[in-house]
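Undergrad: Input protein.cif, format and content: mmCIF, C-alpha atoms.
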data_structure
#
loop_
_atom_site.label_atom_id
_atom_site.label_comp_id
_atom_site.auth_asym_id
_atom_site.auth_seq_id
_atom_site.Cartn_x
_atom_site.Cartn_y
_atom_site.Cartn_z
CA MET A 292 28.24 30.43 9.89
CA GLN A 293 25.32 32.35 11.38
CA GLU A 294 23.32 34.49 9.03
CA SER A 295 24.23 38.15 9.52
CA GLU A 296 20.71 39.37 8.82
CA GLN A 297 17.65 39.10 11.07
CA TRP A 298 14.09 40.37 11.29
CA SER A 299 13.93 43.56 13.36
CA SER A 300 10.85 42.34 15.26
CA LYS A 301 8.47 39.43 15.68
CA ILE A 302 5.64 41.32 13.98
CA GLY A 303 7.94 41.98 11.04
CA PHE A 304 8.63 38.25 10.78
CA ILE A 305 4.93 37.36 11.08
CA LEU A 306 3.78 39.86 8.45
CA SER A 307 6.60 38.88 6.08
CA ALA A 308 5.92 35.15 6.50
CA ALA A 309 2.17 35.76 6.22
CA GLY A 310 2.83 37.80 3.10
CA SER A 311 4.73 34.85 1.70
CA ALA A 312 1.85 32.55 2.56
CA ILE A 313 -1.05 34.75 1.49
CA GLY A 314 -0.27 36.34 -1.88
CA ILE A 315 -1.64 34.62 -4.93
CA GLY A 316 -2.30 31.37 -3.06
CA ALA A 317 -5.25 32.70 -1.07
CA ILE A 318 -6.42 35.56 -3.27
CA TRP A 319 -6.01 34.25 -6.83
CA LYS A 320 -5.67 30.49 -6.68
CA LEU A 321 -8.03 29.43 -3.89
CA PRO A 322 -11.23 30.92 -5.42
CA TYR A 323 -10.73 29.36 -8.83
CA VAL A 324 -9.55 25.98 -7.49
CA THR A 325 -12.55 25.98 -5.14
CA GLY A 326 -14.76 26.78 -8.12
CA ILE A 327 -13.55 23.80 -10.16
CA SER A 328 -13.30 21.41 -7.19
CA GLY A 329 -16.71 21.34 -5.53
CA GLY A 330 -17.16 24.59 -3.59
CA GLY A 331 -17.83 24.35 0.15
CA ALA A 332 -16.65 20.76 0.61
CA PHE A 333 -13.32 21.63 -1.00
CA PHE A 334 -12.95 24.72 1.20
CA LEU A 335 -13.62 22.61 4.31
CA LEU A 336 -10.93 20.12 3.26
CA PHE A 337 -8.57 23.02 2.65
CA ILE A 338 -9.17 24.30 6.21
CA LEU A 339 -8.60 20.84 7.70
CA PHE A 340 -5.38 20.30 5.73
CA SER A 341 -4.18 23.79 6.75
CA LEU A 342 -4.82 23.24 10.46
CA PHE A 343 -3.82 19.62 10.96
CA ILE A 344 -1.02 19.28 8.41
CA GLY A 345 -0.02 22.79 7.35
CA LEU A 346 0.39 24.19 10.87
CA PRO A 347 2.53 21.28 12.19
CA LEU A 348 4.64 21.48 9.01
CA LEU A 349 5.07 25.22 9.42
CA LEU A 350 6.35 24.62 12.96
CA ALA A 351 8.70 21.91 11.70
CA GLU A 352 10.27 24.27 9.16
CA PHE A 353 10.54 26.94 11.85
CA VAL A 354 12.40 24.50 14.10
CA ILE A 355 14.84 23.54 11.35
CA GLY A 356 15.60 27.14 10.39
CA ARG A 357 15.71 28.80 13.80
CA SER A 358 17.75 26.01 15.43
CA THR A 359 20.49 26.23 12.79
CA GLN A 360 20.24 29.93 11.81
CA LYS A 361 21.07 28.84 8.26
CA GLU A 362 19.33 28.91 4.89
CA ALA A 363 17.55 25.77 3.69
CA ILE A 364 20.30 23.64 2.14
CA SER A 365 22.90 24.47 4.80
CA ALA A 366 20.34 23.88 7.56
CA TYR A 367 19.76 20.27 6.52
CA ARG A 368 23.52 19.75 6.10
CA SER A 369 24.09 21.09 9.61
CA LEU A 370 21.50 18.81 11.21
CA ALA A 371 22.41 15.70 9.20
CA PRO A 372 26.06 16.00 8.10
CA ASN A 373 27.60 13.46 5.74
CA SER A 374 24.21 12.40 4.41
CA ASN A 375 21.89 13.15 1.48
CA TRP A 376 19.18 14.86 3.54
CA HIS A 377 20.31 18.26 2.25
CA TRP A 378 18.50 17.27 -0.95
CA ILE A 379 15.27 18.31 0.80
CA GLY A 380 16.62 21.84 0.69
CA LYS A 381 17.72 21.45 -2.93
CA ILE A 382 14.29 20.13 -3.92
CA GLY A 383 12.75 23.11 -2.12
CA VAL A 384 14.99 25.56 -3.97
CA PHE A 385 14.16 23.92 -7.32
CA THR A 386 10.45 23.97 -6.49
CA CYS A 387 10.59 27.67 -5.61
CA PHE A 388 12.48 28.35 -8.84
CA LEU A 389 9.83 26.57 -10.92
CA LEU A 390 7.00 28.06 -8.87
CA LEU A 391 8.25 31.62 -9.32
CA SER A 392 8.69 31.03 -13.05
CA PHE A 393 4.92 30.66 -13.56
CA TYR A 394 3.89 32.71 -10.52
CA SER A 395 5.60 35.70 -12.13
CA VAL A 396 3.31 35.24 -15.13
CA ILE A 397 0.26 35.86 -12.92
CA GLY A 398 2.12 38.74 -11.33
CA GLY A 399 2.57 40.09 -14.84
CA TRP A 400 -1.18 39.85 -15.48
CA ILE A 401 -1.76 41.97 -12.37
CA VAL A 402 0.84 44.49 -13.57
CA ILE A 403 -1.05 44.78 -16.87
CA TYR A 404 -4.41 45.28 -15.16
CA PHE A 405 -2.92 47.82 -12.75
CA ALA A 406 -1.39 49.77 -15.64
CA LYS A 407 -4.73 49.71 -17.46
CA GLY A 408 -6.49 50.83 -14.29
CA LEU A 409 -4.18 53.85 -14.00
CA PHE A 410 -5.49 55.10 -17.34
CA GLY A 411 -9.10 54.05 -16.78
CA GLY A 412 -8.91 51.27 -19.32
CA ILE A 413 -10.61 48.38 -17.50
CA ILE A 414 -14.15 49.26 -16.50
CA SER A 415 -16.53 50.26 -19.28
CA GLU A 416 -20.27 49.99 -19.76
CA GLY A 417 -21.37 46.70 -21.29
CA ALA A 418 -17.83 45.29 -21.35
CA ASP A 419 -17.29 41.54 -21.63
CA TYR A 420 -14.59 41.16 -19.00
CA GLY A 421 -13.96 37.53 -19.91
CA SER A 422 -13.07 38.56 -23.45
CA VAL A 423 -10.93 41.41 -22.13
CA PHE A 424 -8.93 38.99 -20.00
CA ASN A 425 -8.50 36.48 -22.83
CA ALA A 426 -7.30 39.22 -25.19
CA THR A 427 -4.78 40.30 -22.53
CA ILE A 428 -3.15 36.93 -21.92
CA GLU A 429 -3.16 36.08 -25.64
CA ASN A 430 -0.84 39.02 -26.37
CA PRO A 431 2.66 37.45 -26.22
CA ILE A 432 4.70 40.66 -26.16
CA LEU A 433 2.51 42.24 -23.48
CA VAL A 434 2.56 39.28 -21.07
CA ILE A 435 6.33 38.75 -21.39
CA ALA A 436 7.01 42.46 -20.81
CA ALA A 437 4.73 42.45 -17.75
CA GLN A 438 6.37 39.30 -16.38
CA PHE A 439 9.74 41.02 -16.72
CA VAL A 440 8.51 44.09 -14.82
CA PHE A 441 7.10 41.92 -12.00
CA LEU A 442 10.37 40.01 -11.61
CA ALA A 443 12.41 43.20 -11.78
CA ILE A 444 10.47 44.63 -8.81
CA THR A 445 10.90 41.34 -6.91
CA VAL A 446 14.64 41.27 -7.53
CA ALA A 447 15.05 44.92 -6.52
CA VAL A 448 13.39 44.35 -3.12
CA VAL A 449 15.16 41.04 -2.32
CA ALA A 450 18.49 42.60 -3.30
CA LYS A 451 17.99 45.14 -0.49
CA GLY A 452 17.90 42.37 2.11
CA ILE A 453 15.65 41.39 4.99
CA GLN A 454 14.91 44.47 7.12
CA ASN A 455 15.21 47.17 4.46
CA GLY A 456 13.45 45.22 1.73
CA ILE A 457 11.08 42.39 2.56
CA GLU A 458 10.12 43.37 6.12
CA LYS A 459 9.59 47.08 5.45
CA ALA A 460 7.28 46.40 2.48
CA SER A 461 5.25 43.73 4.30
CA LYS A 462 4.55 45.92 7.37
CA ILE A 463 2.74 48.48 5.22
CA LEU A 464 1.04 46.36 2.61
CA MET A 465 -0.50 43.44 4.50
CA PRO A 466 -2.76 45.52 6.83
CA ALA A 467 -3.94 47.67 3.90
CA LEU A 468 -4.97 44.55 1.98
CA PHE A 469 -7.27 43.45 4.82
CA VAL A 470 -9.06 46.82 4.87
CA LEU A 471 -9.75 46.89 1.13
CA PHE A 472 -10.94 43.28 1.18
CA ILE A 473 -13.61 44.20 3.73
CA LEU A 474 -14.90 46.98 1.47
CA LEU A 475 -15.05 44.61 -1.49
CA ILE A 476 -16.95 41.98 0.52
CA ILE A 477 -19.54 44.50 1.71
CA ARG A 478 -20.36 45.40 -1.90
CA SER A 479 -20.24 41.82 -3.13
CA LEU A 480 -22.66 40.60 -0.45
CA THR A 481 -25.18 43.33 -1.29
CA LEU A 482 -25.49 42.25 -4.93
CA ASP A 483 -28.63 40.39 -6.08
CA ASN A 484 -28.49 36.62 -5.61
CA ALA A 485 -25.29 36.99 -3.56
CA MET A 486 -26.40 34.36 -1.02
CA GLU A 487 -26.23 31.64 -3.68
CA GLY A 488 -22.52 32.34 -3.95
CA VAL A 489 -22.11 32.22 -0.17
CA LYS A 490 -23.94 28.88 -0.11
CA PHE A 491 -21.71 27.47 -2.86
CA PHE A 492 -18.59 28.59 -0.99
CA LEU A 493 -19.49 27.67 2.59
CA ALA A 494 -22.11 24.88 2.42
CA PRO A 495 -20.26 21.55 1.94
CA ASP A 496 -21.61 19.21 -0.74
CA PHE A 497 -19.41 16.13 -0.62
CA SER A 498 -21.06 14.62 -3.69
CA ASN A 499 -18.80 16.93 -5.72
CA ILE A 500 -15.59 15.72 -4.07
CA THR A 501 -13.27 13.42 -6.01
CA SER A 502 -9.80 12.06 -5.33
CA ARG A 503 -8.47 14.86 -7.53
CA SER A 504 -10.29 17.42 -5.35
CA ILE A 505 -8.68 15.97 -2.21
CA LEU A 506 -5.22 16.18 -3.81
CA PHE A 507 -5.95 19.75 -4.89
CA ALA A 508 -7.11 20.68 -1.36
CA MET A 509 -3.91 19.30 0.14
CA GLY A 510 -1.78 20.97 -2.51
CA GLN A 511 -3.63 24.25 -2.01
CA ALA A 512 -3.00 24.14 1.76
CA PHE A 513 0.72 23.63 1.14
CA PHE A 514 0.77 26.28 -1.62
CA SER A 515 -1.06 28.84 0.52
CA LEU A 516 1.21 28.34 3.54
CA SER A 517 4.44 28.03 1.54
CA VAL A 518 5.29 24.75 3.29
CA GLY A 519 7.09 21.79 1.77
CA VAL A 520 9.60 23.95 -0.11
CA SER A 521 11.68 25.07 2.91
CA VAL A 522 10.83 28.75 2.37
CA MET A 523 9.95 28.94 6.06
CA VAL A 524 13.25 27.25 6.97
CA THR A 525 15.05 30.21 5.42
CA TYR A 526 12.65 32.83 6.81
CA SER A 527 12.83 31.43 10.35
CA SER A 528 16.64 31.35 10.20
CA TYR A 529 16.46 35.14 10.45
CA LEU A 530 14.32 34.93 13.63
CA SER A 531 15.89 35.71 16.99
CA LYS A 532 16.33 32.89 19.49
CA LYS A 533 14.45 35.06 21.97
CA GLU A 534 11.13 34.66 20.11
CA SER A 535 8.48 31.95 20.41
CA LEU A 536 7.83 29.77 17.34
CA ILE A 537 4.28 28.68 18.14
CA GLN A 538 2.67 32.12 18.25
CA PRO A 539 3.99 33.23 14.82
CA ALA A 540 2.96 29.90 13.26
CA VAL A 541 -0.60 30.13 14.62
CA SER A 542 -0.82 33.79 13.54
CA ILE A 543 0.32 32.98 10.00
CA VAL A 544 -2.14 30.10 9.57
CA THR A 545 -4.97 32.19 11.04
CA MET A 546 -4.22 35.14 8.75
CA ASN A 547 -4.00 32.82 5.76
CA LEU A 548 -7.37 31.19 6.49
CA LEU A 549 -8.94 34.59 7.14
CA ILE A 550 -7.71 35.96 3.80
CA ALA A 551 -8.93 32.77 2.07
CA LEU A 552 -12.37 33.26 3.66
CA LEU A 553 -12.42 36.94 2.67
CA ALA A 554 -11.39 36.08 -0.90
CA GLY A 555 -14.20 33.55 -1.21
CA LEU A 556 -16.79 35.92 0.25
CA ALA A 557 -15.64 38.65 -2.14
CA ILE A 558 -15.60 36.49 -5.26
CA PHE A 559 -18.38 33.86 -5.16
CA PRO A 560 -21.36 36.09 -4.29
CA ALA A 561 -20.36 38.25 -7.26
CA VAL A 562 -19.89 35.21 -9.51
CA PHE A 563 -23.45 34.01 -8.91
CA SER A 564 -24.96 37.50 -8.92
CA LEU A 565 -23.40 38.37 -12.28
CA GLY A 566 -24.25 35.03 -13.89
CA LEU A 567 -20.64 33.92 -14.25
CA GLU A 568 -19.34 30.37 -13.94
CA PRO A 569 -17.43 29.43 -10.76
CA THR A 570 -15.43 27.00 -12.92
CA GLU A 571 -13.94 29.88 -14.91
CA GLY A 572 -10.38 28.78 -14.02
CA PRO A 573 -7.21 30.88 -13.59
CA GLY A 574 -8.90 33.98 -15.01
CA LEU A 575 -11.77 33.98 -12.49
CA LEU A 576 -10.45 36.84 -10.37
CA PHE A 577 -9.62 39.00 -13.38
CA VAL A 578 -13.14 38.58 -14.74
CA VAL A 579 -15.04 38.99 -11.46
CA LEU A 580 -13.23 41.98 -9.94
CA PRO A 581 -13.90 44.46 -12.78
CA ALA A 582 -17.52 43.26 -12.94
CA VAL A 583 -18.00 43.89 -9.20
CA PHE A 584 -16.31 47.29 -9.16
CA ASP A 585 -18.39 48.20 -12.21
CA GLN A 586 -21.37 48.17 -9.82
CA ILE A 587 -19.77 50.62 -7.37
CA VAL A 588 -19.61 54.42 -7.37
CA PHE A 589 -16.00 55.42 -8.11
CA GLY A 590 -15.46 51.74 -8.97
CA GLU A 591 -12.43 52.50 -11.15
CA VAL A 592 -10.67 54.12 -8.18
CA PHE A 593 -11.47 51.21 -5.82
CA LEU A 594 -10.43 48.67 -8.47
CA LEU A 595 -7.11 50.45 -8.92
CA ALA A 596 -6.51 50.45 -5.16
CA PHE A 597 -7.36 46.75 -4.92
CA LEU A 598 -5.11 45.88 -7.86
CA ALA A 599 -2.27 47.81 -6.21
CA LEU A 600 -2.64 45.85 -2.97
CA PHE A 601 -3.17 42.59 -4.85
CA LEU A 602 0.04 43.29 -6.71
CA PHE A 603 1.88 43.96 -3.46
CA ALA A 604 0.47 40.80 -1.83
CA THR A 605 1.64 38.86 -4.85
CA LEU A 606 5.06 40.45 -4.58
CA THR A 607 5.42 39.48 -0.89
CA SER A 608 5.03 35.84 -1.90
CA ALA A 609 7.49 36.31 -4.74
CA PHE A 610 9.99 37.81 -2.29
CA SER A 611 10.00 34.61 -0.23
CA MET A 612 10.45 32.36 -3.26
CA LEU A 613 13.36 34.37 -4.58
CA GLU A 614 14.83 34.74 -1.07
CA ILE A 615 15.22 30.99 -0.53
CA ILE A 616 17.03 30.67 -3.87
CA VAL A 617 19.29 33.69 -3.33
CA ALA A 618 20.03 32.73 0.28
CA SER A 619 21.08 29.22 -0.81
CA VAL A 620 23.62 30.76 -3.19
CA VAL A 621 24.79 33.67 -1.02
CA LYS A 622 25.15 31.51 2.14
CA GLY A 623 25.34 34.46 4.53
CA LYS A 624 27.75 36.56 2.45
CA VAL A 625 25.59 39.70 2.29
CA GLU A 626 27.90 41.50 -0.12
CA LYS A 627 26.97 38.97 -2.84
CA ARG A 628 23.21 39.37 -2.40
CA THR A 629 22.59 42.01 -5.11
CA LYS A 630 24.66 40.25 -7.77
CA TYR A 631 23.03 36.86 -7.28
CA ALA A 632 19.53 38.28 -6.91
CA PHE A 633 19.77 39.73 -10.42
CA MET A 634 21.37 36.57 -11.86
CA VAL A 635 18.72 34.27 -10.39
CA GLY A 636 15.94 36.65 -11.45
CA ALA A 637 17.16 36.55 -15.05
CA LEU A 638 17.19 32.74 -15.08
CA ILE A 639 13.68 32.55 -13.61
CA PHE A 640 12.43 34.97 -16.26
CA ALA A 641 13.86 32.80 -19.05
CA VAL A 642 12.32 29.61 -17.64
CA GLY A 643 8.97 31.37 -17.16
CA VAL A 644 8.59 32.54 -20.76
CA PRO A 645 6.97 29.26 -21.96
CA SER A 646 4.34 29.57 -19.20
CA ALA A 647 3.71 33.18 -20.23
CA LEU A 648 3.14 32.04 -23.81
CA SER A 649 0.85 29.14 -22.86
CA TYR A 650 -2.23 31.08 -23.95
CA SER A 651 -0.79 32.45 -27.19
CA THR A 652 2.28 31.24 -29.10
CA PHE A 653 2.50 27.89 -27.25
CA VAL A 654 -1.24 27.32 -26.87
CA ASP A 655 -1.09 24.02 -28.78
CA ILE A 656 1.70 22.53 -26.64
CA LEU A 657 0.01 20.24 -24.10
CA ILE A 658 1.30 17.84 -21.44
CA PHE A 659 -1.37 15.28 -20.51
CA SER A 660 -4.04 17.67 -21.88
CA ASN A 661 -2.70 20.61 -19.78
CA ASN A 662 -0.94 23.64 -21.22
CA LEU A 663 2.57 24.53 -20.02
CA PHE A 664 1.31 26.97 -17.37
CA ASP A 665 -1.13 24.47 -15.83
CA SER A 666 1.44 21.66 -16.05
CA ALA A 667 4.01 23.67 -14.09
CA ASP A 668 1.34 24.56 -11.51
CA TYR A 669 0.26 20.91 -11.16
CA LEU A 670 3.84 19.69 -10.80
CA VAL A 671 4.60 22.21 -8.04
CA SER A 672 1.34 22.15 -6.07
CA ASN A 673 0.37 18.51 -6.31
CA ILE A 674 3.66 16.62 -6.61
CA LEU A 675 6.75 18.57 -5.49
CA MET A 676 5.18 20.29 -2.48
CA PRO A 677 3.57 17.11 -1.05
CA LEU A 678 6.87 15.29 -1.69
CA GLY A 679 8.72 17.99 0.23
CA VAL A 680 6.21 17.78 3.08
CA PHE A 681 6.63 13.99 3.24
CA LEU A 682 10.43 14.22 3.35
CA ILE A 683 10.42 17.00 5.97
CA SER A 684 8.10 14.99 8.23
CA ILE A 685 10.46 12.00 8.01
CA PHE A 686 13.56 14.14 8.53
CA VAL A 687 12.32 16.07 11.56
CA THR A 688 11.14 13.04 13.50
CA ASN A 689 14.09 10.79 12.69
CA LYS A 690 17.14 13.02 12.25
CA ILE A 691 16.72 15.69 14.92
CA LYS A 692 16.99 14.81 18.61
CA ARG A 693 13.67 14.94 20.43
CA SER A 694 15.27 17.10 23.11
CA THR A 695 16.29 19.65 20.46
CA LEU A 696 12.82 19.61 18.93
CA ARG A 697 11.15 20.07 22.32
CA GLU A 698 13.48 22.89 23.31
CA GLU A 699 13.01 24.81 20.06
CA LEU A 700 9.26 24.29 19.85
CA LEU A 701 8.42 25.19 23.44
CA GLN A 702 11.02 27.93 23.92
CA HIS A 703 9.41 31.14 25.26
CA SER A 704 6.00 29.44 25.14
CA ARG A 705 3.59 28.76 28.00
CA LEU A 706 2.41 25.54 26.38
CA GLY A 707 3.33 22.26 28.05
CA ALA A 708 4.98 19.02 26.95
CA SER A 709 1.62 17.56 25.88
CA VAL A 710 1.51 20.01 22.96
CA PHE A 711 4.92 18.77 21.86
CA GLN A 712 3.79 15.14 22.08
CA ILE A 713 0.74 15.84 19.90
CA TRP A 714 2.82 17.74 17.36
CA PHE A 715 5.45 14.99 17.24
CA PHE A 716 2.79 12.29 16.76
CA ILE A 717 1.21 14.21 13.87
CA MET A 718 4.60 14.76 12.24
CA ARG A 719 5.78 11.18 12.64
CA PHE A 720 2.64 9.22 11.80
CA ILE A 721 -0.30 11.29 10.53
CA ILE A 722 1.35 13.47 7.88
CA PRO A 723 3.30 10.71 6.07
CA LEU A 724 0.23 8.45 6.16
CA VAL A 725 -2.11 11.12 4.78
CA ILE A 726 0.22 11.97 1.91
CA ILE A 727 0.73 8.30 1.03
CA VAL A 728 -3.03 7.63 1.08
CA VAL A 729 -3.81 10.69 -1.06
CA PHE A 730 -1.21 9.70 -3.66
CA LEU A 731 -2.42 6.09 -3.69
CA ASN A 732 -5.93 7.41 -4.16
CA ILE A 733 -5.11 9.76 -7.03
CA THR A 734 -3.17 7.02 -8.86
CA GLY A 735 -6.03 4.52 -8.46
CA ILE A 736 -3.88 2.08 -6.47
CA LEU A 737 -5.98 2.62 -3.32
CA ASP A 738 -9.12 1.46 -5.13
CA LYS A 739 -7.38 -1.72 -6.18
CA ILE A 740 -6.19 -2.36 -2.61
CA VAL A 741 -9.71 -1.82 -1.23
CA LYS A 742 -11.24 -4.15 -3.85
CA ALA A 743 -8.62 -6.79 -3.06
CA PHE A 744 -9.98 -6.96 0.51
#
Represent the structure contained in this file as structure tokens.
TA:
Amino acid sequence: MQESEQWSSKIGFILSAAGSAIGIGAIWKLPYVTGISGGGAFFLLFILFSLFIGLPLLLAEFVIGRSTQKEAISAYRSLAPNSNWHWIGKIGVFTCFLLLSFYSVIGGWIVIYFAKGLFGGIISEGADYGSVFNATIENPILVIAAQFVFLAITVAVVAKGIQNGIEKASKILMPALFVLFILLIIRSLTLDNAMEGVKFFLAPDFSNITSRSILFAMGQAFFSLSVGVSVMVTYSSYLSKKESLIQPAVSIVTMNLLIALLAGLAIFPAVFSLGLEPTEGPGLLFVVLPAVFDQIVFGEVFLLAFLALFLFATLTSAFSMLEIIVASVVKGKVEKRTKYAFMVGALIFAVGVPSALSYSTFVDILIFSNNLFDSADYLVSNILMPLGVFLISIFVTNKIKRSTLREELLQHSRLGASVFQIWFFIMRFIIPLVIIVVFLNITGILDKIVKAF
């Protein structure tokens, strides 16, 4: 059955998919992961993974979704009937479920800061913003209530559907985010000692790179582009057959890398200027932003505007995660969308509560020295997403006819067959090999193999 909903335009699809990709991945997570993983060298690895693995994977998911016009699980069933390949879609749905359970916690933090900003309760002279953030996330009732509000907004938008919900919100919010980022960067770069932060962010120092950093860079590329979880299979299923796939994919990756660059240029100059540590961790953004806006005339107003757009960018990513889950249950029956959106949202909220309490009630519960929040993040970004990428690369090159792949990829594109050959080679050989090598490296097996020879 063909999905009854579609994007109203290509730009609507691009902005919605870019919103899915950008969100917390580029704005919140990239700066702090870069800070704890070596700075410029990590960012360079992130760019390379995004371009040479993320982009081909994005195209692969587009091909799967647009060719079948079905949500993730049904798409794999359609292309490989009477087989177990539909489990790629199921793994993607589970990954999105787990991802949104802790992602909504961060969304809740933003809700709290936005609410405080409305009443002028963030910026104050001589404030220790690190302590303010810690006190916020250590309040169990506050963080759970905020997580609930964030998920309620997400459910309300997804329940409205594609054109009236996700697409309409993304068209307004994504351009506004770019504009405010530019203003923040201008102020950040004019702070004292700002160039030290730029150097840390953009000058590669490979002496700081470890196997864990490489895994994190790969995971961050997948996280930022929403690949490996079949989100883009579902999103592209709503794309008209009349549209090119290559142009939207390139636009999404370019926008994602641009936002990542802007986030780094906004954050790290301020980190070094204000004497903060780049290894601050998940709270980096919430400590740096108030400190930067504290240095600006009408800083409270600008901070509130940024928090509003940051919240909306976070929501656009949440929309995509919830959409893949809801679409897999609804299976094209639009009349069931609202009911299942609220049911799934309630389940995600319940599963996310332990992550929300990781810094308060459950602070002493650790898994391999990581709290519940960090453990869920590690499982999604560094295990489930790379696993999904590996399986998709095998599926696309072995279970879909090359003629179908070529037709879908090059349709309405001026690019020739050579582009298809390069893409196919990367999908069939490079991506599986890279993921295998990275996993062998992180587990220490690669070192043993090298020593054996």
Undergrad: Output as CSV one row per residue of segment 606-690 of chain A within 10 Å of segment 344-348 of chain A: the closest atom pair and its distance in Å to one decimal place, counting all atoms listed in the file, sorted by chain and residue number ascending.
TA:
residue,atom,partner,partner_atom,distance
A:Val680,CA,A:Leu348,CA,7.2
A:Phe681,CA,A:Leu348,CA,9.7
A:Ile683,CA,A:Leu348,CA,7.9
A:Ser684,CA,A:Leu348,CA,7.4
A:Val687,CA,A:Leu348,CA,9.7
Undergrad: With a distance cut-off of 7 Å and all atoms listed in the file, select the neighbouring residues of segment 411-417 of chain A, excluding the residue or stretch itself and same-chain residues fewer than 5 positions from it, and output the selection as an NGL selection string.
TA: :A and (581 or 585 or 591)
Undergrad: For a quick check of understanding, using all atoms listed in the file, which of A:Leu682, A:Ile726, A:Val470, A:Ala641 has the smallest distance to His377 of chain A?
TA: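 Nearest candidate to His377 of chain A out of A:Leu682, A:Ile726, A:Val470, A:Ala641: A:Leu682.
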Undergrad: At a cut-off of 7 Å, using all atoms listed in the file, what residues contact Arg697 of chain A? Leave out same-chain residues fewer than 4 positions from it and give the result as a list of chain:residue names.
TA: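 My list of contacting residues is A:Arg693, A:Leu701, A:Phe711.
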Undergrad: I'd like the residues picked by the PyMOL selection byres ((chain A and resi 367) around 9) written out as a PDB file with C-alpha atoms, in the frame of the given file, using the chain letters and numbers from the file.
TA:
ATOM      1  CA  ILE A 355      14.840  23.540  11.350  1.00  0.00           C
ATOM      2  CA  GLY A 356      15.600  27.140  10.390  1.00  0.00           C
ATOM      3  CA  THR A 359      20.490  26.230  12.790  1.00  0.00           C
ATOM      4  CA  LYS A 361      21.070  28.840   8.260  1.00  0.00           C
ATOM      5  CA  GLU A 362      19.330  28.910   4.890  1.00  0.00           C
ATOM      6  CA  ALA A 363      17.550  25.770   3.690  1.00  0.00           C
ATOM      7  CA  ILE A 364      20.300  23.640   2.140  1.00  0.00           C
ATOM      8  CA  SER A 365      22.900  24.470   4.800  1.00  0.00           C
ATOM      9  CA  ALA A 366      20.340  23.880   7.560  1.00  0.00           C
ATOM     10  CA  ARG A 368      23.520  19.750   6.100  1.00  0.00           C
ATOM     11  CA  SER A 369      24.090  21.090   9.610  1.00  0.00           C
ATOM     12  CA  LEU A 370      21.500  18.810  11.210  1.00  0.00           C
ATOM     13  CA  ALA A 371      22.410  15.700   9.200  1.00  0.00           C
ATOM     14  CA  PRO A 372      26.060  16.000   8.100  1.00  0.00           C
ATOM     15  CA  ASN A 375      21.890  13.150   1.480  1.00  0.00           C
ATOM     16  CA  TRP A 376      19.180  14.860   3.540  1.00  0.00           C
ATOM     17  CA  HIS A 377      20.310  18.260   2.250  1.00  0.00           C
ATOM     18  CA  TRP A 378      18.500  17.270  -0.950  1.00  0.00           C
ATOM     19  CA  ILE A 379      15.270  18.310   0.800  1.00  0.00           C
ATOM     20  CA  GLY A 380      16.620  21.840   0.690  1.00  0.00           C
ATOM     21  CA  PHE A 686      13.560  14.140   8.530  1.00  0.00           C
TER      22      PHE A 686
END
Undergrad: Write out as a ChimeraX atom specification each polymer residue whose atoms come within 9 Å of Arg357 of chain A, counting only C-alpha atoms; drop sequence neighbours fewer than 6 positions from it.
TA: /A:524-532,536,699
Undergrad: Given the file shown, determine the residues that the PyMOL selection byres ((chain A and resi 666) around 12) selects; report them as a VMD selection string.
TA: chain A and resid 389 to 390 393 645 to 646 649 656 to 665 667 to 674
Undergrad: Would you kindly translate the PyMOL selection byres ((chain A and resi 492) around 6) into the concrete residues it picks from this file, as a list in words?
TA: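 Selected by the PyMOL selection byres ((chain A and resi 492) around 6) in this file: Gly330, Gly331, Val489, Lys490, Phe491 and Leu493 of chain A.
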Undergrad: For segment 495-512 of chain A, please output as number ranges by chain all residues within 10 Å (counting all atoms listed in the file; exclusion window: fewer than 5 positions along the same chain).
TA: A: 312, 316-317, 320-321, 324-325, 327-342, 344-346, 490, 517-519, 544, 547-548, 669, 671-677, 725-726, 729-735
Undergrad: One decimal, in Å: what's the spacing between atom CA of Ala540 of chain A and atom CA of Phe472 of chain A?
TA: 22.8 Å
Undergrad: Let me make sure I understand: among A:Ile477, A:Val592, A:Ala418, A:Leu442, which one has the smallest atom-to-atom distance to Ala609 of chain A if we use only C-alpha atoms?
TA: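 Once distances to Ala609 of chain A are computed over only C-alpha atoms, the minimum belongs to A:Leu442.
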Undergrad: Show which residues sit within 12 Å of Thr427 of chain A, as an MDAnalysis selection string. Count all atoms listed in the file, and ignore same-chain residues fewer than 3 positions away.
TA: chainID A and resid 397 399:404 407 413 420:424 430:435 437 574 577:578 647:648 650:651
